[in-house]
file my_file-v4.cif (mmCIF, C-alpha atoms)
data_structure
loop_
_atom_site.label_atom_id
_atom_site.label_comp_id
_atom_site.auth_asym_id
_atom_site.auth_seq_id
_atom_site.Cartn_x
_atom_site.Cartn_y
_atom_site.Cartn_z
CA MET A 1 65.22 168.81 180.52
CA SER A 2 68.64 168.10 179.06
CA GLN A 3 71.56 169.89 180.41
CA PRO A 4 73.31 172.29 178.08
CA VAL A 5 76.69 171.23 176.92
CA PRO A 6 79.39 173.27 178.53
CA LEU A 7 81.20 175.66 176.24
CA CYS A 8 84.49 173.85 176.59
CA MET A 9 82.90 170.50 175.58
CA ARG A 10 81.20 172.04 172.49
CA SER A 11 84.52 173.41 171.41
CA HIS A 12 85.99 169.91 171.67
CA PHE A 13 83.17 168.38 169.59
CA VAL A 14 83.58 171.01 166.86
CA SER A 15 87.30 170.49 166.76
CA THR A 16 86.90 166.72 166.46
CA GLU A 17 84.31 167.04 163.67
CA THR A 18 86.56 169.43 161.78
CA TYR A 19 89.43 166.98 161.95
CA ARG A 20 87.22 164.13 160.74
CA ILE A 21 86.00 166.13 157.73
CA GLY A 22 89.54 167.22 156.96
CA PHE A 23 90.84 163.66 156.97
CA THR A 24 87.97 162.56 154.73
CA LEU A 25 88.74 165.30 152.20
CA LEU A 26 92.44 164.49 152.31
CA ALA A 27 91.76 160.78 151.70
CA PHE A 28 89.47 161.63 148.80
CA MET A 29 92.07 163.90 147.22
CA LEU A 30 94.77 161.26 147.63
CA GLY A 31 92.52 158.71 145.93
CA VAL A 32 91.92 161.06 143.00
CA ILE A 33 95.65 161.70 142.69
CA CYS A 34 96.34 157.96 142.66
CA VAL A 35 93.78 157.34 139.91
CA VAL A 36 95.12 160.18 137.76
CA TRP A 37 98.72 159.03 138.31
CA SER A 38 97.80 155.48 137.32
CA MET A 39 96.17 156.72 134.09
CA LEU A 40 99.23 158.80 133.25
CA LEU A 41 101.54 155.83 133.77
CA THR A 42 99.39 153.57 131.54
CA SER A 43 99.37 156.15 128.73
CA ALA A 44 103.13 156.65 128.95
CA SER A 45 103.70 152.89 128.94
CA ALA A 46 101.55 152.46 125.82
CA GLN A 47 103.41 155.22 123.99
CA THR A 48 106.76 153.68 124.90
CA ALA A 49 105.71 150.16 123.90
CA GLU A 50 104.61 151.09 120.36
CA PRO A 51 108.08 151.79 118.91
CA VAL A 52 109.41 148.62 120.56
CA PHE A 53 106.70 146.57 118.87
CA GLN A 54 107.52 148.12 115.50
CA GLN A 55 111.22 147.44 115.96
CA GLN A 56 110.49 143.81 116.70
CA GLU A 57 108.29 143.41 113.62
CA ALA A 58 110.60 145.07 111.06
CA PRO A 59 113.28 142.33 110.79
CA ALA A 60 110.66 139.68 109.96
CA ALA A 61 109.73 141.51 106.74
CA VAL A 62 113.36 141.65 105.63
CA VAL A 63 113.89 137.93 106.21
CA GLU A 64 110.66 137.03 104.44
CA ASP A 65 111.63 139.02 101.34
CA ASN A 66 115.05 137.30 101.05
CA LEU A 67 116.56 140.53 99.78
CA GLU A 68 120.05 139.04 99.69
CA ASP A 69 118.91 136.53 97.02
CA LYS A 70 117.34 139.14 94.76
CA PRO A 71 119.34 140.38 91.76
CA ASP A 72 120.52 143.98 91.62
CA GLY A 73 119.94 144.26 87.87
CA PRO A 74 118.98 142.23 84.79
CA PRO A 75 120.10 138.59 84.61
CA PRO A 76 123.65 138.13 83.28
CA ARG A 77 124.69 136.24 80.17
CA ILE A 78 125.46 132.65 81.15
CA PRO A 79 127.74 130.23 79.28
CA VAL A 80 126.00 126.87 78.89
CA LEU A 81 128.75 124.41 77.95
CA ASN A 82 127.63 121.61 75.63
CA TYR A 83 129.49 118.31 76.09
CA HIS A 84 128.83 114.93 74.54
CA SER A 85 131.08 111.88 74.89
CA ILE A 86 134.12 111.84 77.21
CA THR A 87 136.41 109.45 75.40
CA VAL A 88 139.33 109.14 72.97
CA ASP A 89 138.06 109.34 69.39
CA PRO A 90 140.49 111.26 67.12
CA GLY A 91 138.81 113.37 64.46
CA ASN A 92 135.46 113.54 66.30
CA ARG A 93 134.97 117.11 67.50
CA ALA A 94 131.97 116.11 69.63
CA THR A 95 134.16 114.00 71.91
CA ILE A 96 136.75 115.16 74.42
CA THR A 97 139.44 113.08 76.10
CA PRO A 98 139.13 112.48 79.85
CA GLU A 99 142.39 114.40 80.37
CA LYS A 100 141.18 117.49 78.52
CA PHE A 101 137.83 117.36 80.27
CA GLU A 102 139.44 117.21 83.69
CA ALA A 103 141.76 120.09 82.79
CA GLN A 104 138.72 122.21 81.84
CA MET A 105 136.90 121.39 85.06
CA ASN A 106 140.02 122.19 87.09
CA TYR A 107 140.22 125.56 85.32
CA LEU A 108 136.62 126.35 86.29
CA HIS A 109 137.30 125.39 89.88
CA ALA A 110 140.56 127.33 90.14
CA ASN A 111 139.09 130.48 88.60
CA GLY A 112 136.01 130.88 90.76
CA TYR A 113 133.25 129.53 88.50
CA THR A 114 130.02 128.27 90.07
CA THR A 115 128.35 125.36 88.30
CA LEU A 116 124.58 125.75 88.50
CA THR A 117 121.80 123.29 89.03
CA LEU A 118 119.10 123.55 86.40
CA GLU A 119 116.72 125.23 88.86
CA GLN A 120 119.37 127.75 89.87
CA PHE A 121 119.98 128.51 86.20
CA ILE A 122 116.26 129.02 85.56
CA GLY A 123 115.86 131.15 88.70
CA ILE A 124 118.67 133.45 87.55
CA LEU A 125 117.35 133.58 83.99
CA GLU A 126 113.89 134.56 85.25
CA GLY A 127 115.28 137.25 87.54
CA ARG A 128 114.25 135.51 90.76
CA LYS A 129 117.74 134.63 91.98
CA ARG A 130 120.97 136.56 92.20
CA ALA A 131 123.72 135.09 90.03
CA PRO A 132 127.14 134.23 91.46
CA ALA A 133 130.14 136.12 90.10
CA LYS A 134 130.94 133.50 87.46
CA PRO A 135 127.97 131.22 86.71
CA VAL A 136 128.19 128.33 84.26
CA LEU A 137 125.81 125.51 83.34
CA LEU A 138 127.35 122.18 82.33
CA THR A 139 125.21 120.13 79.93
CA PHE A 140 125.84 116.66 78.51
CA ASP A 141 123.87 115.42 75.50
CA ASP A 142 122.82 111.88 74.56
CA GLY A 143 123.63 109.98 77.79
CA TYR A 144 126.85 108.16 76.93
CA ALA A 145 128.06 105.60 79.44
CA ASP A 146 131.46 107.34 79.52
CA ASN A 147 129.78 110.31 81.23
CA TYR A 148 129.36 108.01 84.23
CA VAL A 149 132.87 106.58 83.97
CA HIS A 150 134.87 109.76 83.31
CA ALA A 151 132.77 112.88 83.96
CA MET A 152 130.91 111.99 87.14
CA PRO A 153 133.98 111.25 89.32
CA VAL A 154 135.63 114.55 88.33
CA LEU A 155 132.51 116.60 89.02
CA LYS A 156 131.90 114.76 92.28
CA LYS A 157 135.44 115.48 93.45
CA LEU A 158 135.03 119.20 92.70
CA GLY A 159 131.48 119.45 94.05
CA PHE A 160 130.14 120.43 90.61
CA HIS A 161 126.59 120.18 89.27
CA ALA A 162 125.62 119.16 85.74
CA THR A 163 122.58 118.52 83.54
CA LEU A 164 122.22 115.36 81.45
CA PHE A 165 119.91 115.21 78.44
CA MET A 166 119.25 111.53 77.78
CA SER A 167 117.19 109.36 75.43
CA PRO A 168 115.57 106.66 77.60
CA GLY A 169 114.96 104.33 74.65
CA MET A 170 118.71 103.85 74.26
CA VAL A 171 119.60 102.62 77.74
CA ASP A 172 121.29 99.25 78.26
CA ASP A 173 122.85 98.96 74.79
CA GLY A 174 126.41 99.29 76.10
CA TRP A 175 127.24 102.70 74.66
CA PHE A 176 124.68 104.54 76.72
CA LEU A 177 123.84 104.80 80.40
CA ASN A 178 121.59 102.30 82.12
CA TRP A 179 119.02 103.35 84.70
CA ASP A 180 121.16 102.34 87.69
CA GLN A 181 123.94 104.63 86.46
CA VAL A 182 121.48 107.43 85.75
CA LYS A 183 120.04 107.17 89.26
CA GLU A 184 123.50 107.28 90.79
CA MET A 185 124.37 110.37 88.76
CA HIS A 186 121.15 112.02 89.84
CA GLN A 187 122.01 111.33 93.49
CA ALA A 188 125.44 112.86 92.86
CA GLY A 189 123.86 116.19 91.82
CA TRP A 190 123.07 115.75 88.13
CA ASP A 191 119.76 117.00 86.72
CA ILE A 192 118.28 114.49 84.24
CA GLN A 193 116.12 115.79 81.38
CA PRO A 194 114.71 114.42 78.07
CA HIS A 195 116.44 114.32 74.68
CA GLY A 196 113.77 112.40 72.76
CA ILE A 197 113.00 108.75 73.32
CA ASN A 198 115.61 107.49 70.83
CA HIS A 199 117.38 110.63 69.55
CA PRO A 200 115.56 111.24 66.24
CA TYR A 201 115.53 114.14 63.80
CA LEU A 202 112.30 115.63 65.13
CA ASN A 203 111.78 117.90 62.14
CA ARG A 204 111.46 114.82 59.90
CA LEU A 205 108.68 113.22 61.95
CA LYS A 206 104.92 113.55 61.79
CA GLN A 207 103.19 115.34 64.63
CA ALA A 208 102.05 112.15 66.39
CA ASP A 209 105.56 110.70 66.30
CA GLN A 210 107.07 113.93 67.58
CA GLU A 211 104.57 114.00 70.41
CA TYR A 212 105.51 110.45 71.39
CA GLN A 213 109.22 111.35 71.38
CA LEU A 214 108.66 114.28 73.74
CA THR A 215 106.13 112.81 76.13
CA GLU A 216 107.45 109.26 76.41
CA ALA A 217 110.99 110.41 77.14
CA ARG A 218 109.66 112.71 79.83
CA ARG A 219 107.37 110.04 81.28
CA GLN A 220 110.12 107.45 81.65
CA ILE A 221 112.56 109.85 83.31
CA GLU A 222 109.94 111.11 85.76
CA GLU A 223 108.82 107.55 86.51
CA GLN A 224 112.36 106.30 87.12
CA LEU A 225 113.62 109.24 89.17
CA GLY A 226 110.48 110.72 90.74
CA THR A 227 111.40 114.18 89.43
CA THR A 228 109.97 116.69 86.95
CA ALA A 229 111.54 116.48 83.47
CA ASP A 230 110.15 119.55 81.71
CA VAL A 231 113.29 121.00 80.10
CA PHE A 232 114.04 119.63 76.64
CA CYS A 233 117.09 119.42 74.39
CA TYR A 234 116.61 118.95 70.63
CA PRO A 235 118.39 115.87 69.21
CA TYR A 236 120.84 117.04 66.54
CA GLY A 237 119.53 120.53 67.34
CA GLN A 238 116.68 119.97 64.87
CA PHE A 239 113.07 121.08 65.38
CA ASN A 240 110.21 122.83 63.58
CA GLN A 241 107.10 124.76 64.51
CA THR A 242 105.24 121.53 65.26
CA THR A 243 107.92 120.71 67.85
CA LEU A 244 107.55 124.11 69.47
CA ASN A 245 103.76 123.80 69.56
CA LEU A 246 103.98 120.38 71.19
CA LEU A 247 106.46 121.53 73.81
CA LYS A 248 104.09 124.35 74.77
CA LYS A 249 101.10 122.02 74.75
CA HIS A 250 102.75 119.63 77.18
CA GLY A 251 104.07 122.28 79.54
CA PHE A 252 107.80 122.17 78.84
CA ARG A 253 109.37 125.27 80.36
CA TYR A 254 112.61 125.55 78.39
CA ALA A 255 114.45 123.90 75.51
CA PHE A 256 118.08 124.03 74.41
CA THR A 257 119.36 124.23 70.85
CA ILE A 258 122.86 123.87 69.41
CA GLU A 259 122.86 127.48 68.24
CA GLN A 260 126.09 129.02 69.44
CA GLY A 261 126.32 131.77 72.03
CA PHE A 262 125.75 132.59 75.68
CA THR A 263 122.27 132.14 77.11
CA THR A 264 120.37 135.34 77.98
CA HIS A 265 116.94 136.11 79.44
CA GLU A 266 115.98 137.81 76.16
CA GLN A 267 116.11 134.57 74.17
CA ASP A 268 113.03 132.51 73.33
CA LYS A 269 112.55 130.04 76.21
CA LEU A 270 112.35 127.18 73.71
CA LYS A 271 115.41 128.32 71.70
CA LEU A 272 118.19 128.76 74.24
CA LYS A 273 121.76 128.96 72.94
CA ARG A 274 124.78 127.01 74.17
CA VAL A 275 128.56 126.88 73.76
CA PHE A 276 129.68 123.75 71.90
CA VAL A 277 132.80 122.16 73.40
CA ASN A 278 135.09 121.17 70.55
CA GLY A 279 137.22 118.33 71.86
CA GLU A 280 139.98 119.07 69.36
CA GLU A 281 140.50 122.64 70.55
CA HIS A 282 143.38 123.63 72.79
CA ILE A 283 142.33 124.77 76.25
CA GLU A 284 143.23 128.41 75.45
CA GLN A 285 140.61 128.41 72.69
CA TRP A 286 138.08 126.93 75.07
CA ILE A 287 138.89 129.61 77.68
CA TYR A 288 138.50 132.36 75.10
CA ARG A 289 135.00 131.22 74.14
CA LEU A 290 134.10 130.69 77.82
CA GLU A 291 135.15 134.19 78.89
CA LYS A 292 135.37 136.50 75.88
CA TRP A 293 132.67 135.36 73.48
#
call {"tool": "encode", "arguments": {"input": "my_file-v4.cif", "output": "structure tokens"}}
result
Amino acid sequence: MSQPVPLCMRSHFVSTETYRIGFTLLAFMLGVICVVWSMLLTSASAQTAEPVFQQQEAPAAVVEDNLEDKPDGPPPRIPVLNYHSITVDPGNRATITPEKFEAQMNYLHANGYTTLTLEQFIGILEGRKRAPAKPVLLTFDDGYADNYVHAMPVLKKLGFHATLFMSPGMVDDGWFLNWDQVKEMHQAGWDIQPHGINHPYLNRLKQADQEYQLTEARRQIEEQLGTTADVFCYPYGQFNQTTLNLLKKHGFRYAFTIEQGFTTHEQDKLKLKRVFVNGEEHIEQWIYRLEKW
């Protein structure tokens, strides 16, 4: 028969068991507290991280939109100056002496004008680009060799852009630019676009002949320069509905006339106006038409 446990020993066993149970409960409660605390920290961290993520993402949208390049209002009126030959030829209003031409370019430079590339001009006209304070587009018709001799060095010195409308069928005859000169001008920042293959009166030609004038001039320029030549200038400013239909058919984006006035986004894309530069005018008259017209 087993001996009964003395009273003092039973009291010790009970006390020990009580302590063991107490420690177990305490450990369990501490574990629960740790789990709950961990969950609370995770939730708080997630809530804090969300605004940070949004703040990091917001600037990317602003950069992508290029808000600083977007216009604040409708496109402005732009003077498109129409030059021809830069030479001395008294009595010929379509020519201007090298001295007068340089004086006009120096005026533009000194008075804060920005000469546009053709793509900048089109971007502003279409409302995709913000215009500078004083935009101007310089255009030269026909492709005279004196544009290379007298105009290009002045524009290069001032960092100016220009657009040349040339007739590829007239190169290498002495009066007009050759392809080497045209390529050098293009590298110097000139845009080169078609002016008919040999500068005809388009409105006097049959449809097939007009089509050849438009497409062959474009083809030769694009082939020589590796660019897109889809902006036209009417020789002598002459055209008819057939011309307009053919330009649309062959994907020309814009065309310039000799109708006088500033260019605006409201004008027909194939009937853009320009400002004729009269070489016999005094510079004050030129300034008036440039700024006040």
call {"tool": "resolve_selection", "arguments": {"input": "my_file-v4.cif", "expression": "the PyMOL selection byres ((chain A and resi 93) around 9)", "output": "PyMOL selection string"}}
result
chain A and resi 89-92+94-96+277-281
call {"tool": "write_last_selection", "arguments": {"input": "my_file-v4.cif", "atoms": "C-alpha atoms", "output": "PDB file, in the coordinates of the input"}}
result
ATOM      1  CA  ASP A  89     138.060 109.340  69.390  1.00  0.00           C
ATOM      2  CA  PRO A  90     140.490 111.260  67.120  1.00  0.00           C
ATOM      3  CA  GLY A  91     138.810 113.370  64.460  1.00  0.00           C
ATOM      4  CA  ASN A  92     135.460 113.540  66.300  1.00  0.00           C
ATOM      5  CA  ALA A  94     131.970 116.110  69.630  1.00  0.00           C
ATOM      6  CA  THR A  95     134.160 114.000  71.910  1.00  0.00           C
ATOM      7  CA  ILE A  96     136.750 115.160  74.420  1.00  0.00           C
ATOM      8  CA  VAL A 277     132.800 122.160  73.400  1.00  0.00           C
ATOM      9  CA  ASN A 278     135.090 121.170  70.550  1.00  0.00           C
ATOM     10  CA  GLY A 279     137.220 118.330  71.860  1.00  0.00           C
ATOM     11  CA  GLU A 280     139.980 119.070  69.360  1.00  0.00           C
ATOM     12  CA  GLU A 281     140.500 122.640  70.550  1.00  0.00           C
TER      13      GLU A 281
END
call {"tool": "atom_distance", "arguments": {"input": "my_file-v4.cif", "atom1": "atom CA of Asp230 of chain A", "atom2": "atom CA of Phe252 of chain A"}}
result
4.5 Å
call {"tool": "closest_residue", "arguments": {"input": "my_file-v4.cif", "among": "A:Leu244, A:Ala151, A:Ile192, A:Met170", "to": "Lys271 of chain A", "atoms": "all atoms listed in the file"}}
result
A:Leu244
call {"tool": "resolve_selection", "arguments": {"input": "my_file-v4.cif", "expression": "the PyMOL selection byres ((chain A and resi 139-148) around 7)", "output": "ChimeraX atom specification"}}
result
/A:80-87,137-138,149-152,162-167,175-177,181,195
call {"tool": "resolve_selection", "arguments": {"input": "my_file-v4.cif", "expression": "the PyMOL selection byres ((chain A and resi 260) around 7)", "output": "list in words"}}
result
Ile258, Glu259, Gly261, Lys273, Arg274, Val275 and Phe276 of chain A
call {"tool": "residues_around", "arguments": {"input": "my_file-v4.cif", "residues": "segment 122-129 of chain A", "least_positions_apart": "6", "cutoff": "10 Å", "atoms": "only C-alpha atoms", "output": "PDB file with C-alpha atoms, in the coordinates of the input"}}
result
ATOM      1  CA  ASN A  66     115.050 137.300 101.050  1.00  0.00           C
ATOM      2  CA  LEU A  67     116.560 140.530  99.780  1.00  0.00           C
ATOM      3  CA  GLU A  68     120.050 139.040  99.690  1.00  0.00           C
ATOM      4  CA  ASP A  69     118.910 136.530  97.020  1.00  0.00           C
ATOM      5  CA  LYS A  70     117.340 139.140  94.760  1.00  0.00           C
ATOM      6  CA  PRO A  71     119.340 140.380  91.760  1.00  0.00           C
ATOM      7  CA  ASP A  72     120.520 143.980  91.620  1.00  0.00           C
ATOM      8  CA  GLY A  73     119.940 144.260  87.870  1.00  0.00           C
ATOM      9  CA  PRO A  74     118.980 142.230  84.790  1.00  0.00           C
ATOM     10  CA  PRO A  75     120.100 138.590  84.610  1.00  0.00           C
ATOM     11  CA  PRO A  76     123.650 138.130  83.280  1.00  0.00           C
ATOM     12  CA  ARG A  77     124.690 136.240  80.170  1.00  0.00           C
ATOM     13  CA  ILE A  78     125.460 132.650  81.150  1.00  0.00           C
ATOM     14  CA  LEU A 116     124.580 125.750  88.500  1.00  0.00           C
ATOM     15  CA  PRO A 135     127.970 131.220  86.710  1.00  0.00           C
ATOM     16  CA  ARG A 253     109.370 125.270  80.360  1.00  0.00           C
ATOM     17  CA  TYR A 254     112.610 125.550  78.390  1.00  0.00           C
ATOM     18  CA  THR A 263     122.270 132.140  77.110  1.00  0.00           C
ATOM     19  CA  THR A 264     120.370 135.340  77.980  1.00  0.00           C
ATOM     20  CA  HIS A 265     116.940 136.110  79.440  1.00  0.00           C
ATOM     21  CA  GLU A 266     115.980 137.810  76.160  1.00  0.00           C
ATOM     22  CA  GLN A 267     116.110 134.570  74.170  1.00  0.00           C
ATOM     23  CA  LYS A 269     112.550 130.040  76.210  1.00  0.00           C
TER      24      LYS A 269
END
call {"tool": "atom_distance", "arguments": {"input": "my_file-v4.cif", "atom1": "atom CA of Leu202 of chain A", "atom2": "atom CA of Ala217 of chain A"}}
result
13.2 Å
call {"tool": "atom_distance", "arguments": {"input": "my_file-v4.cif", "atom1": "atom CA of Pro194 of chain A", "atom2": "atom CA of Phe232 of chain A"}}
result
5.4 Å
call {"tool": "closest_residue", "arguments": {"input": "my_file-v4.cif", "among": "A:Val154, A:Met185, A:Cys233, A:Leu270", "to": "Pro200 of chain A", "atoms": "only C-alpha atoms"}}
result
A:Cys233
call {"tool": "residues_around", "arguments": {"input": "my_file-v4.cif", "residues": "Thr227 of chain A", "least_positions_apart": "6", "cutoff": "12 Å", "atoms": "all atoms listed in the file", "output": "PyMOL selection string"}}
result
chain A and resi 183+186-187+190-194+218-221
call {"tool": "write_last_selection", "arguments": {"input": "my_file-v4.cif", "atoms": "C-alpha atoms", "output": "PDB file, keeping the file's coordinate frame"}}
result
ATOM      1  CA  LYS A 183     120.040 107.170  89.260  1.00  0.00           C
ATOM      2  CA  HIS A 186     121.150 112.020  89.840  1.00  0.00           C
ATOM      3  CA  GLN A 187     122.010 111.330  93.490  1.00  0.00           C
ATOM      4  CA  TRP A 190     123.070 115.750  88.130  1.00  0.00           C
ATOM      5  CA  ASP A 191     119.760 117.000  86.720  1.00  0.00           C
ATOM      6  CA  ILE A 192     118.280 114.490  84.240  1.00  0.00           C
ATOM      7  CA  GLN A 193     116.120 115.790  81.380  1.00  0.00           C
ATOM      8  CA  PRO A 194     114.710 114.420  78.070  1.00  0.00           C
ATOM      9  CA  ARG A 218     109.660 112.710  79.830  1.00  0.00           C
ATOM     10  CA  ARG A 219     107.370 110.040  81.280  1.00  0.00           C
ATOM     11  CA  GLN A 220     110.120 107.450  81.650  1.00  0.00           C
ATOM     12  CA  ILE A 221     112.560 109.850  83.310  1.00  0.00           C
TER      13      ILE A 221
END
call {"tool": "closest_residue", "arguments": {"input": "my_file-v4.cif", "among": "A:Ala188, A:Leu290, A:Val182, A:Ala208", "to": "Lys134 of chain A", "atoms": "only C-alpha atoms"}}
result
A:Leu290
call {"tool": "closest_residue", "arguments": {"input": "my_file-v4.cif", "among": "A:His282, A:His199, A:Gln238, A:Glu119", "to": "Glu99 of chain A", "atoms": "only C-alpha atoms"}}
result
A:His282
call {"tool": "closest_residue", "arguments": {"input": "my_file-v4.cif", "among": "A:Asn240, A:Leu118, A:Tyr201, A:Glu102", "to": "Gly189 of chain A", "atoms": "all atoms listed in the file"}}
result
A:Leu118
call {"tool": "closest_residue", "arguments": {"input": "my_file-v4.cif", "among": "A:Phe160, A:Thr257, A:His250, A:Ala133", "to": "Thr117 of chain A", "atoms": "all atoms listed in the file"}}
result
A:Phe160
call {"tool": "axis_aligned_box", "arguments": {"input": "my_file-v4.cif", "around": "segment 211-220 of chain A", "padding_each_side": "4 Å", "output": "AutoDock Vina command-line options"}}
result
--center_x 107.8 --center_y 110.9 --center_z 76.0 --size_x 14.4 --size_y 14.8 --size_z 19.2
